[in-house]
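All remarks here apply to the structure that follows.
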Amino acid sequence: MAAPYHHREIEEKWRGIWKERPVNVYDEKKPKYYCLDMFPYPSGNGLHVGHWRGYVLSDVWSRYMMLKGYYLIHPMGWDAFGLPAENYAISMGVHPAKCTEENISNFKKQINEISAIYDWDMEVNTTEPKFYKWTQWIFVKMFKAGLAYEKEMPINWCPSCKTGLANEEVVDGKCERCSNEVTKKNLKQWMLKITNYGDRLLEDLDKLDWPEKVKKMQREWIGKSYGAQVDFQVDGRKEKIAVYTTRPDTLYGATFMVLAPEHELAEKLSVPETKEAVERYIYEASMKSNVDRLQDKEKTGVFTGSYAVNPINGEKLPIWLSDYVLADYGTGAIMCVPAHDGRDFEFARKFNIPIVQVIAKDGKETEHMTEAYTELKGVMIHSGDWNGMECSALKKEAPEIIEKMGIGKKTTNYKLRDWVFSRQRYWGEPIPIIHCPHCGCVPVPEEELPLLLPEVESYEPTGTGESPLAAIEDWVNVLCPSCGSPAKRETNTMPQWAGSSWYFLRYVDCHNKEQLINKDKAKKLLPVDMYIGGVEHAVLHLLYARFYTKFLYDIEVIDFEEPFVKLFNQGMITGKNGVKMSKSKGNVVSPDELVKEYGCDSLRLYEMFVGPPELDSEWDDRGIEGVYRFLNRFWNMVLEQKDKEVKETEELIRLRHKMIYDITTRLENFSLNTVVSGFMEYNNKMVDLAKKEGVDKKTLETAVLLIAPFAPHLSEELWRHLGHETSVFQNKWPQYDEDSMKDAQVEIAVQMNGRTKVIIKVERDVSKEDAILAGKKSLGDKLKGTIIKEIYVPGKIVNFVIR
RNA sequence: GCCGGCGUGGCGGAAUAGGCAGACGCAAUGGACUUAAAAUCCAUCGGGAGUUAAAUCCCGUACCGGUUCAAGUCCGGUCGCCGGCACCA
């Protein structure tokens, strides 16, 4: 009787051995493969089985790539600055630095339970000065390049977190972190000109091997549109109103204009009779929150009393104010063509404004319009020189025609806005800027970086729009590095996303004191080949990181423009009925007990077996029993067979090659759940064979090698039992041979009218005639009636079509 | 409202390129071993008809229709669930 499978002993033993003799060491001769996990924010709650899934996934892939002959880069670090860490610290009444440190050590301990092949020499922590020195350095470089600028404007403000937020952090009008309603606050802010990179961020998406879903989200977020800017003269005054439109082809159909209530001309355009109503409307609009504004279904508005002149036909258009026009998109003013825009139609209906059709749907004007016609199919009418033109053709040319006529110009527009980069909070990188009354904003000299985050008595947010740092007078008051006169430090800190926008670069050279990264190392070890994480960062972290990478490329720190060649979004592990695991729901499953009971290898295997990696999966503790039983059976089978000196038969050779083929193709397709079921299938077959003539050593070795990325401890142990002194990971991934895979005979289904009647065995390369003959013979008497067609699909089916 | 994705046994899920639907596992049921239980092993496991038992036949991948010798897979329509975007002119 072979030794039973004692997972605890085995796993402990191999963790020790790997620590002493790492299996992944740098080798110049090997090509590199950089497989990266989205680094975690080390929360106080620790890991649950959902965290495991992503980390096991990346580890399986990493070990597989290692076995394929790559030098593997697989680091781990901590995204520890930012609101969650700080809010947690405040709620616990400890300093964020202290609980961050504790959380990291706890997280690290728990992550080590996974036995992932992380290279801890590369560990980074965004809150360490030696790391954030370079986060600040990048900011200074951006400032010098004109990409970081100060601006006072109404920004998104979370009254609960007491800080300003970026657009990307506002979801459905609510704070991404705490779900409180976001309000507006006028604040002087640091901004990053991510909009300068809009086109590159958009175009380079085409080069990326990323899920289409994420690329689409980024495209929509950047929101590039093509159209024209047209100037409308205000009747009887000197002011002009510029509008942006994507439909200059409908210019003849404009019957009114609408300005956002915040538009600079909004108040000025009122006349004595409308003054009061206009002022009231502007005031009411300013009191509405984002959520109110989004939820108002019914359109509201007020007539200013002024008119604008349509430059193409001289028509006078009444100018209205309405909050359905956004102040910060385009020019904050629009021309309205109710016949061909749903929103304008609704507004015109409500306020009895004329509707003029300029596109004839079926060549004729529609008698009674009940809704706007927004399609491009049709012919232009009531459109002067454009009459009779195809709408779709005109739309393409209209911006240029208008430019030639001198009434507007061709323009593009983006939904993407500059990045609000200041946070009025303590736990972040101090923005390295000094405000000098003479020199303006002066960056902290690069040699003085890092600018350390000072100790502070009260790090709670003030809520006034000032950071807690503003209270530390001897820190705030400095001399201007440029002219030497008394000056003040910037007291805002950077957002949570600052460190994570570039951390993946630092891993490969994290001890470098002189540079962000050594050029040579960057060239050899970057970029990231595979990035694994949840989909929730689609327009936050992943967009910011691309922006930072492009900037660092532009200032020649690195020589590539895209940080993540391939992206994989793993699905979430949920509790029963698809409910997200959370402490408050009480449905969090901890891996600790499962590891103790079944072992790390079993849990790793089950995490992969639970469902397709890209989809959400419900957790069910009972399922782990199944993989545990399988590992036991596999273990027993190998140990029973290993010394039997079974001769390799054709059947065993076939089994071995088929097994390599199946496991490898499923792995390459990232179908890890079916890889695990594949192991089970082949193990069942081997167990059957073991009862008969036995399983040869080469097949056993192959199976042990194939399972190594999934169950590394068990695999190493069995490899030893099979008589090897070196690690199983010193091997090359096994190769299959197509011919050796194939059976001399194949099973084919014999069908009548597409229904299977019998399964027969025929020679693999049987001719069509012989296959059909064999089929007929097997059916015998059952084959009645007239055969009108005989179909043979080699190796699969013979079908007789009968009438 | 617009754009994606999905819908398969009691459950999680399989099914390369249109070719034997339900692999693999969980749960369940029966049996072997055991004083007993656990563990392990063996068997059954979509529904219906049929039969002592089987053979065999019919139905079945959300629903309706189509293409095809053959449809979970392709096409048209309907319903449901999930996700993203949402006054972006």
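Please note that chains go A, B, ... in the order of the structure tokens, that every chain numbers its residues from 1, and that ligands are numbered from 1 in the order shown.
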
Q | Polymer residues at most 12 Å from G80 in chain B, only C-alpha atoms (C1' of nucleotides), same-chain spacing of 4 or more positions, as a PyMOL selection string | A | chain B and resi 6-7+62-63

Go ahead and save the residues from that selection, with N, CA and C atoms (P, O5', C5', C4', C3', O3' and C1' of nucleotides), as a CSV table (one decimal), in the first residue's frame.
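Ended up saving to out-v8.csv:
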chain,number,residue,atom,x,y,z
B,6,C,P,-22.4,35.2,-25.7
B,6,C,O5',-23.4,34.7,-24.5
B,6,C,C5',-22.9,34.1,-23.4
B,6,C,C4',-23.9,34.1,-22.3
B,6,C,C3',-25.1,33.2,-22.5
B,6,C,O3',-24.8,31.8,-22.2
B,6,C,C1',-25.9,35.2,-21.7
B,7,G,P,-25.6,30.7,-23.0
B,7,G,O5',-26.9,30.6,-22.2
B,7,G,C5',-26.9,30.4,-20.8
B,7,G,C4',-28.4,30.5,-20.3
B,7,G,C3',-29.3,29.4,-20.8
B,7,G,O3',-30.1,29.0,-19.7
B,7,G,C1',-30.2,31.6,-21.3
B,62,A,P,-32.0,27.1,-24.6
B,62,A,O5',-33.5,27.3,-24.2
B,62,A,C5',-33.9,27.0,-22.8
B,62,A,C4',-35.1,27.8,-22.5
B,62,A,C3',-36.1,27.9,-23.7
B,62,A,O3',-36.9,26.8,-23.7
B,62,A,C1',-35.7,30.1,-22.8
B,63,C,P,-37.5,26.2,-25.1
B,63,C,O5',-38.5,27.4,-25.6
B,63,C,C5',-39.8,27.5,-25.0
B,63,C,C4',-40.5,28.6,-25.7
B,63,C,C3',-40.7,28.4,-27.2
B,63,C,O3',-41.8,27.6,-27.5
B,63,C,C1',-40.0,30.6,-26.7

(Q) Which residues are close to G46 in chain B, i.e. within 9 Å by only C-alpha atoms (C1' of nucleotides), leaving aside same-chain residues fewer than 5 positions away? Reply as a PyMOL selection string. (A) chain B and resi 9+22+60

Q: Could you please write out, as a PyMOL selection string, every residue of range 645-752 of chain A that DSSP assigns to strand (DSSP E)?
A: chain A and resi 745-752

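Across the structure, CA of Ala749 in chain A and CA of Gly775 in chain A are spaced 8.6 Å apart.
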
Report the closest atom pair, with its distance in Å rounded to one decimal, for each residue of chain B that has an atom no farther than 10 Å from chain A; count only C-alpha atoms (C1' of nucleotides), sort by chain and then rising residue number, and write it as CSV.
residue,atom,partner,partner_atom,distance
B:C3,C1',A:Lys216,CA,9.8
B:G4,C1',A:Lys213,CA,7.5
B:G5,C1',A:Lys213,CA,9.5
B:C11,C1',A:Asp620,CA,9.9
B:G12,C1',A:Val610,CA,6.8
B:G13,C1',A:Gly611,CA,6.8
B:A14,C1',A:Thr674,CA,7.7
B:U16,C1',A:Thr665,CA,9.4
B:G19,C1',A:Ile797,CA,6.5
B:C20,C1',A:Ala749,CA,6.0
B:A23,C1',A:Ser677,CA,8.3
B:C24,C1',A:Ser677,CA,4.6
B:G25,C1',A:Gly626,CA,6.1
B:C26,C1',A:Gly623,CA,5.5
B:A27,C1',A:Arg622,CA,9.1
B:C69,C1',A:Val801,CA,5.7
B:A70,C1',A:Gly754,CA,5.1
B:G83,C1',A:Lys213,CA,9.9
B:G84,C1',A:Met217,CA,7.2
B:C85,C1',A:Glu220,CA,7.7
B:A86,C1',A:Leu294,CA,9.3
B:C87,C1',A:Tyr324,CA,5.3
B:C88,C1',A:Lys415,CA,6.1
B:A89,C1',A:Thr245,CA,5.7

Q. Leaving out Gln735 in chain A and any residue of its chain fewer than 3 positions from it, which residues lie within 8 Å of it when counting only C-alpha atoms (C1' of nucleotides), given as a PyMOL selection string?
A. chain A and resi 657+660-661

Q. Where in range 461-653 of chain A does DSSP assign helix (DSSP H, G or I), given as an NGL selection string?
A. :A and (468-471 or 473-476 or 497-500 or 503-509 or 519-525 or 535-537 or 541-554 or 576-578 or 591-598 or 600-609 or 623-641 or 650-653)

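Look at G65 in chain B: the protein and nucleic acid residues within 12 Å of it, using only C-alpha atoms (C1' of nucleotides) and passing over chain neighbours fewer than 6 places away, are C75, G76, G77 and U78 of chain B.
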
Residues from last step as file, C-alpha atoms (C1' of nucleotides), as a CSV table (one decimal), in the first residue's frame:
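Okay, this is what ended up in again-v7.csv:
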chain,number,residue,atom,x,y,z
B,75,C,C1',-30.4,33.3,-39.9
B,76,G,C1',-35.2,36.2,-38.5
B,77,G,C1',-38.5,37.4,-34.5
B,78,U,C1',-40.2,37.2,-29.1

Q: Would you mind listing what lies within 9 Å of Arg417 in chain A as a count of residues only, with only C-alpha atoms (C1' of nucleotides) counted and same-chain residues fewer than 5 positions away left out?
A: 6

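For C59 in chain B, the list of residues within 12 Å, based on only C-alpha atoms (C1' of nucleotides) and with local chain neighbours fewer than 5 positions off taken out, reads G46, G47, G48 and A49 of chain B.
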
Would you write out those residues with all heavy atoms, as a short mmCIF file (atom, residue, chain, number, x, y, z; two decimals), in the first residue's frame?
data_model
loop_
_atom_site.label_atom_id
_atom_site.label_comp_id
_atom_site.auth_asym_id
_atom_site.auth_seq_id
_atom_site.Cartn_x
_atom_site.Cartn_y
_atom_site.Cartn_z
P G B 46 -29.91 11.01 -16.67
OP1 G B 46 -30.06 10.06 -17.78
OP2 G B 46 -28.59 11.59 -16.34
"O5'" G B 46 -30.92 12.21 -16.92
"C5'" G B 46 -31.02 13.26 -15.96
"C4'" G B 46 -32.11 14.20 -16.38
"O4'" G B 46 -31.77 14.76 -17.66
"C3'" G B 46 -33.46 13.53 -16.61
"O3'" G B 46 -34.18 13.35 -15.42
"C2'" G B 46 -34.13 14.53 -17.55
"O2'" G B 46 -34.58 15.67 -16.87
"C1'" G B 46 -32.94 14.91 -18.44
N9 G B 46 -32.82 14.04 -19.61
C8 G B 46 -31.83 13.13 -19.89
N7 G B 46 -32.00 12.50 -21.03
C5 G B 46 -33.19 13.02 -21.53
C6 G B 46 -33.89 12.75 -22.72
O6 G B 46 -33.59 11.93 -23.61
N1 G B 46 -35.05 13.51 -22.83
C2 G B 46 -35.47 14.44 -21.92
N2 G B 46 -36.60 15.07 -22.19
N3 G B 46 -34.82 14.71 -20.79
C4 G B 46 -33.70 13.98 -20.67
P G B 47 -35.15 12.11 -15.29
OP1 G B 47 -35.63 12.11 -13.90
OP2 G B 47 -34.48 10.91 -15.85
"O5'" G B 47 -36.36 12.49 -16.26
"C5'" G B 47 -37.20 13.59 -15.95
"C4'" G B 47 -38.23 13.79 -17.02
"O4'" G B 47 -37.56 14.07 -18.28
"C3'" G B 47 -39.07 12.55 -17.35
"O3'" G B 47 -40.12 12.36 -16.44
"C2'" G B 47 -39.58 12.91 -18.75
"O2'" G B 47 -40.62 13.87 -18.71
"C1'" G B 47 -38.32 13.54 -19.36
N9 G B 47 -37.52 12.55 -20.08
C8 G B 47 -36.34 11.97 -19.68
N7 G B 47 -35.86 11.11 -20.55
C5 G B 47 -36.78 11.13 -21.59
C6 G B 47 -36.80 10.42 -22.82
O6 G B 47 -35.99 9.60 -23.25
N1 G B 47 -37.94 10.73 -23.58
C2 G B 47 -38.91 11.62 -23.20
N2 G B 47 -39.93 11.79 -24.06
N3 G B 47 -38.90 12.30 -22.06
C4 G B 47 -37.81 12.00 -21.31
P G B 48 -40.58 10.86 -16.15
OP1 G B 48 -41.61 10.97 -15.10
OP2 G B 48 -39.40 10.01 -15.94
"O5'" G B 48 -41.26 10.42 -17.51
"C5'" G B 48 -42.51 10.99 -17.90
"C4'" G B 48 -42.85 10.62 -19.32
"O4'" G B 48 -41.74 10.89 -20.20
"C3'" G B 48 -43.12 9.14 -19.60
"O3'" G B 48 -44.39 8.72 -19.12
"C2'" G B 48 -43.03 9.12 -21.12
"O2'" G B 48 -44.19 9.69 -21.71
"C1'" G B 48 -41.84 10.05 -21.35
N9 G B 48 -40.60 9.28 -21.51
C8 G B 48 -39.55 9.15 -20.62
N7 G B 48 -38.59 8.38 -21.07
C5 G B 48 -39.04 7.97 -22.33
C6 G B 48 -38.42 7.11 -23.29
O6 G B 48 -37.33 6.54 -23.22
N1 G B 48 -39.22 6.96 -24.42
C2 G B 48 -40.46 7.55 -24.60
N2 G B 48 -41.07 7.27 -25.76
N3 G B 48 -41.03 8.34 -23.71
C4 G B 48 -40.27 8.51 -22.61
P A B 49 -44.56 7.21 -18.70
OP1 A B 49 -45.91 7.10 -18.11
OP2 A B 49 -43.37 6.74 -17.95
"O5'" A B 49 -44.56 6.47 -20.12
"C5'" A B 49 -45.65 6.65 -21.03
"C4'" A B 49 -45.38 5.93 -22.32
"O4'" A B 49 -44.12 6.36 -22.89
"C3'" A B 49 -45.19 4.42 -22.21
"O3'" A B 49 -46.41 3.72 -22.06
"C2'" A B 49 -44.51 4.11 -23.53
"O2'" A B 49 -45.41 4.11 -24.61
"C1'" A B 49 -43.57 5.31 -23.66
N9 A B 49 -42.22 5.00 -23.13
C8 A B 49 -41.66 5.39 -21.95
N7 A B 49 -40.42 4.95 -21.78
C5 A B 49 -40.17 4.21 -22.93
C6 A B 49 -39.04 3.49 -23.38
N6 A B 49 -37.91 3.38 -22.68
N1 A B 49 -39.12 2.88 -24.58
C2 A B 49 -40.25 2.99 -25.30
N3 A B 49 -41.38 3.64 -24.98
C4 A B 49 -41.27 4.24 -23.78
#

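The protein and nucleic acid residues lying at most 12 Å from A39 in chain B are A:Arg629, A:Asn632, B:C33, B:U34, with only C-alpha atoms (C1' of nucleotides) considered and sequence neighbours fewer than 5 positions away removed.
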
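Distance-wise, CA of Gly305 in chain A and CA of Gly253 in chain A end up 20.8 Å apart.
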
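Of the listed residues B:G1, B:A21, B:G10, B:A53, the one whose atoms come nearest to A71 in chain B is B:A21, with distances taken using only C-alpha atoms (C1' of nucleotides).
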